[in-house]
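The next block holds one structure in the form of structure tokens; read it before the comments.
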Amino acid sequence: EQHIFHLFTRKSNSMSKDCSSPASNFEHRKPPPVLATSVSTAQMGTLPIASIQIPRPVVDFDSSTSLDLASKLAGDVLVACTVTFGVSPFLTVIDKAIVQKAAGTHNVLQSSVESIVNMARNPGSYLRSPMFIMMWGVYASTYCTANCLKTIMEHQDHKKSQDERASNDVGTFGVFVATTGVNSATSMVKDKFYARHFGSSTAALKVPKATYCLWGLRDCMVIGSSFILPDIFSSILSENTDMDKAAALKVSQLACPLAAQFVATPVQLLALDIYNRPLRNLSLGGVITERLRFQRNNFASIVGARISRIFPAYGIGGIGNTYLRDKWRDQLLRKKWS
């Protein structure tokens, strides 16, 4: 019995030294990437309390998943209205100049100077005018729609696997269709007002259906090149060049809308020409000849005006929208985790 007692005492002392020694095997091993509840009771009985490390919860600071949906949607609307309010005055000048140039009453420079002088003389009247309110409404609603739908998609994508996120073409197409629908509907109301107030005095009283269809086609080109193509093109740039994703996105947001104007301008010119000059008394060949002549005579000046218009509307506006959305989410994250 004495021999058994000595063996038991020696074993107990050995276990105490192992547990208290700073060079124990447990302390030298990295803690396993498991929850504390996965440590068995037998293991806890042989480990000192100081060496049991409970893993801290991993906090996901991704702005697309860590904030509530309502806060981000509120920011999307606020950012959209702020950015478009800043660029709308310039857009009204260019749109009015394009309509008056197509009608043959002013050239682009003459119309632009006249509009800027009137804005400077009566800024309050200008901000209350339908010309400004309609323009602001078009782009505020367009940016609000695109921002909010992208945010909702982010929340839905967070619940999906990585493969499902990468192949979410249906969601992207849905954003394109909804944004184009909102932009086209509001743009047609605005374009009708501009055409009637600043167009030719001999123009048709009723806007032809062909003009509406061409305006819709133009809007599809503009929205696609402003909200869909930049994401696709920036991915290609970042993968095939030394650009990081942020720089590639900025370049894409400037380049894609500008390049699209070389295709959208003839569509816009044809829509205005059909409205201003129905040409009902000419044969089909004569109508085609007149339309092509009009395109040739006005393409250079109108494409230049549209590029200068799209640059602030979707180039600078797009960059500002992305920047302010990111800042808004950063502030919400700091407030939540501070």
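Naming scheme: A, B, ... for chains in displayed order of the structure tokens; residues 1 onward per chain; ligands 1 onward as shown.
Residues within 10 Å of Pro266 (chain A), counting only C-alpha atoms and excluding same-chain residues fewer than 3 positions away, are Leu214, Arg218, Gln261, Phe262, Val263, Leu269, Leu270, Ala271, Leu272, Leu292, Phe294, Gln295, Arg296, Asn298, Phe299, Ile302 and Val303 of chain A.
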Now that the selection is made, can you save its residues with N, CA, C and O atoms as a compact mmCIF listing (two decimals), in the first residue's frame?
```txt
# COMPACT_ATOMS: atom_id res chain seq x y z
N LEU A 214 -37.09 55.72 -80.58
CA LEU A 214 -35.67 56.04 -80.71
C LEU A 214 -35.11 56.59 -79.41
O LEU A 214 -33.96 56.30 -79.04
N ARG A 218 -32.02 54.96 -77.35
CA ARG A 218 -30.90 55.79 -76.88
C ARG A 218 -30.67 55.60 -75.38
O ARG A 218 -29.52 55.46 -74.92
N GLN A 261 -21.46 57.36 -76.85
CA GLN A 261 -22.09 58.51 -77.52
C GLN A 261 -21.92 58.49 -79.03
O GLN A 261 -22.72 59.08 -79.75
N PHE A 262 -20.89 57.83 -79.51
CA PHE A 262 -20.71 57.74 -80.96
C PHE A 262 -21.77 56.86 -81.60
O PHE A 262 -22.01 56.94 -82.81
N VAL A 263 -22.43 56.03 -80.79
CA VAL A 263 -23.54 55.20 -81.28
C VAL A 263 -24.88 55.85 -80.93
O VAL A 263 -25.82 55.81 -81.72
N LEU A 269 -30.22 62.17 -82.89
CA LEU A 269 -30.44 63.08 -84.01
C LEU A 269 -31.63 62.65 -84.86
O LEU A 269 -32.45 63.49 -85.27
N LEU A 270 -31.73 61.36 -85.12
CA LEU A 270 -32.85 60.88 -85.93
C LEU A 270 -34.18 61.11 -85.22
O LEU A 270 -35.18 61.49 -85.86
N ALA A 271 -34.20 60.89 -83.91
CA ALA A 271 -35.44 61.12 -83.15
C ALA A 271 -35.88 62.57 -83.23
O ALA A 271 -37.07 62.86 -83.47
N LEU A 272 -34.95 63.50 -83.06
CA LEU A 272 -35.29 64.93 -83.14
C LEU A 272 -35.65 65.34 -84.56
O LEU A 272 -36.56 66.17 -84.77
N LEU A 292 -30.04 61.38 -93.88
CA LEU A 292 -28.58 61.19 -93.89
C LEU A 292 -27.85 62.53 -94.01
O LEU A 292 -26.80 62.71 -93.38
N PHE A 294 -28.91 65.37 -92.87
CA PHE A 294 -29.03 65.99 -91.55
C PHE A 294 -28.01 65.39 -90.57
O PHE A 294 -27.39 66.12 -89.79
N GLN A 295 -27.86 64.08 -90.62
CA GLN A 295 -26.87 63.42 -89.76
C GLN A 295 -25.46 63.93 -90.05
O GLN A 295 -24.68 64.22 -89.14
N ARG A 296 -25.12 64.01 -91.32
CA ARG A 296 -23.77 64.44 -91.72
C ARG A 296 -23.50 65.87 -91.28
O ARG A 296 -22.39 66.19 -90.81
N ASN A 298 -24.82 67.56 -88.78
CA ASN A 298 -24.94 67.86 -87.35
C ASN A 298 -24.22 66.88 -86.44
O ASN A 298 -24.15 67.12 -85.24
N PHE A 299 -23.69 65.79 -87.00
CA PHE A 299 -23.13 64.75 -86.16
C PHE A 299 -21.98 65.27 -85.28
O PHE A 299 -21.95 65.03 -84.07
N ILE A 302 -23.11 67.69 -82.46
CA ILE A 302 -24.00 67.06 -81.48
C ILE A 302 -23.25 66.00 -80.68
O ILE A 302 -23.46 65.87 -79.46
N VAL A 303 -22.38 65.22 -81.33
CA VAL A 303 -21.64 64.20 -80.57
C VAL A 303 -20.70 64.87 -79.57
O VAL A 303 -20.52 64.39 -78.44
```
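If you count only C-alpha atoms and ignore residues fewer than 6 places along the chain from region 276-287 of chain A, what sits within 12 Å of it is A:Val99, A:Gln100, A:Lys101, A:Ala102, A:Ala103, A:Gly104, A:Thr105, A:Lys192, A:Ala195, A:Arg196, A:Phe198, A:Gly199, A:Ser200, A:Ser201, A:Thr202, A:Ala203, A:Ala204, A:Leu205, A:Lys206, A:Val207, A:Pro208, A:Lys209, A:Ala210, A:Thr211, A:Leu269, A:Leu270, A:Arg293, A:Phe294.
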Residues near Asp76 (chain A), cut-off 8 Å, only C-alpha atoms, skip fewer than 6 positions along chain, as a tab-separated table (two decimals) with all heavy atoms, in the first residue's frame:
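File written: result18.tsv
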```tsv
chain	number	residue	atom	x	y	z
A	144	CYS	N	-31.06	56.73	-58.09
A	144	CYS	CA	-31.71	56.09	-56.93
A	144	CYS	C	-32.06	54.64	-57.25
A	144	CYS	O	-31.82	53.74	-56.43
A	144	CYS	CB	-32.99	56.85	-56.56
A	144	CYS	SG	-32.72	58.36	-55.60
A	147	ASN	N	-28.75	52.53	-57.55
A	147	ASN	CA	-28.12	52.34	-56.24
A	147	ASN	C	-28.90	51.37	-55.36
A	147	ASN	O	-28.32	50.45	-54.76
A	147	ASN	CB	-28.01	53.69	-55.52
A	147	ASN	CG	-26.94	54.59	-56.10
A	147	ASN	OD1	-26.16	54.17	-56.94
A	147	ASN	ND2	-26.91	55.83	-55.66
A	148	CYS	N	-30.20	51.57	-55.28
A	148	CYS	CA	-31.01	50.74	-54.38
A	148	CYS	C	-31.07	49.30	-54.85
A	148	CYS	O	-30.99	48.37	-54.03
A	148	CYS	CB	-32.42	51.32	-54.27
A	148	CYS	SG	-32.49	52.92	-53.41
A	325	ARG	N	-21.18	56.88	-51.84
A	325	ARG	CA	-21.81	55.67	-51.29
A	325	ARG	C	-20.82	54.94	-50.37
A	325	ARG	O	-21.18	54.47	-49.29
A	325	ARG	CB	-22.23	54.73	-52.43
A	325	ARG	CG	-23.53	55.11	-53.11
A	325	ARG	CD	-23.87	54.05	-54.15
A	325	ARG	NE	-24.51	52.89	-53.56
A	325	ARG	CZ	-24.41	51.67	-54.04
A	325	ARG	NH1	-23.66	51.42	-55.11
A	325	ARG	NH2	-25.05	50.66	-53.45
```
request  = Can you work out which one of A:Tyr323, A:Phe227, A:Tyr139, A:Trp328 has the shortest atom-to-atom distance to Phe173 (chain A), counting only C-alpha atoms?
outcome  = A:Phe227
inquiry  = What's the separation between CA of Lys335 (chain A) and CA of Lys245 (chain A), in Å to one decimal place?
reply    =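 One can read the CA of Lys335 (chain A) to CA of Lys245 (chain A) distance as 26.5 Å.
Taking only C-alpha atoms into account, Gly137 (chain A) lies nearest to A:Met188 out of the set A:Val117, A:Met188, A:Phe176, A:Ser235.
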Can you tell me, as a PDB file with all heavy atoms, in the first residue's frame, what residues are no more than 7 Å from Ser252 (chain A) when counting only C-alpha atoms, ignoring any on the same chain fewer than 6 positions away?
```
ATOM      1  N   PRO A 230     -19.352  49.481 -67.119  1.00  0.00           N
ATOM      2  CA  PRO A 230     -18.174  49.788 -66.297  1.00  0.00           C
ATOM      3  C   PRO A 230     -17.744  48.646 -65.386  1.00  0.00           C
ATOM      4  O   PRO A 230     -16.544  48.397 -65.224  1.00  0.00           O
ATOM      5  CB  PRO A 230     -18.620  51.018 -65.486  1.00  0.00           C
ATOM      6  CG  PRO A 230     -19.606  51.687 -66.365  1.00  0.00           C
ATOM      7  CD  PRO A 230     -20.350  50.577 -67.043  1.00  0.00           C
ATOM      8  N   PHE A 233     -16.149  45.998 -67.780  1.00  0.00           N
ATOM      9  CA  PHE A 233     -14.898  46.472 -68.364  1.00  0.00           C
ATOM     10  C   PHE A 233     -13.815  46.639 -67.313  1.00  0.00           C
ATOM     11  O   PHE A 233     -12.630  46.375 -67.562  1.00  0.00           O
ATOM     12  CB  PHE A 233     -15.144  47.803 -69.093  1.00  0.00           C
ATOM     13  CG  PHE A 233     -13.997  48.261 -69.935  1.00  0.00           C
ATOM     14  CD1 PHE A 233     -13.541  47.501 -70.999  1.00  0.00           C
ATOM     15  CD2 PHE A 233     -13.363  49.467 -69.670  1.00  0.00           C
ATOM     16  CE1 PHE A 233     -12.477  47.923 -71.780  1.00  0.00           C
ATOM     17  CE2 PHE A 233     -12.302  49.900 -70.443  1.00  0.00           C
ATOM     18  CZ  PHE A 233     -11.856  49.126 -71.503  1.00  0.00           C
ATOM     19  N   SER A 234     -14.191  47.063 -66.105  1.00  0.00           N
ATOM     20  CA  SER A 234     -13.188  47.246 -65.041  1.00  0.00           C
ATOM     21  C   SER A 234     -12.600  45.901 -64.620  1.00  0.00           C
ATOM     22  O   SER A 234     -11.411  45.818 -64.292  1.00  0.00           O
ATOM     23  CB  SER A 234     -13.812  47.958 -63.842  1.00  0.00           C
ATOM     24  OG  SER A 234     -14.831  47.168 -63.264  1.00  0.00           O
TER      25      SER A 234
END
```
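Of note, CA of Ile307 (chain A) and CA of Ile133 (chain A) are spaced 22.0 Å apart.
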request  = Have a look at A:Thr142, A:Ser301, A:Thr151, A:Thr92 and name the one nearest to Lys72 (chain A); count only C-alpha atoms.
outcome  =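 Nearest to Lys72 (chain A): A:Thr151.
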query = If you count only C-alpha atoms, which residues fall within 12 Å of Ser129 (chain A), apart from same-chain ones fewer than 3 positions away, as a VMD selection string?
reply = chain A and resid 89 92 118 to 119 122 to 126 132 to 136 193
ask   = Taking only C-alpha atoms into account, which of A:Ile319, A:Thr289, A:Ser184, A:Ile274 comes nearest Ala248 (chain A)?
value =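 Closest to Ala248 (chain A) of all the choices is A:Ile319.
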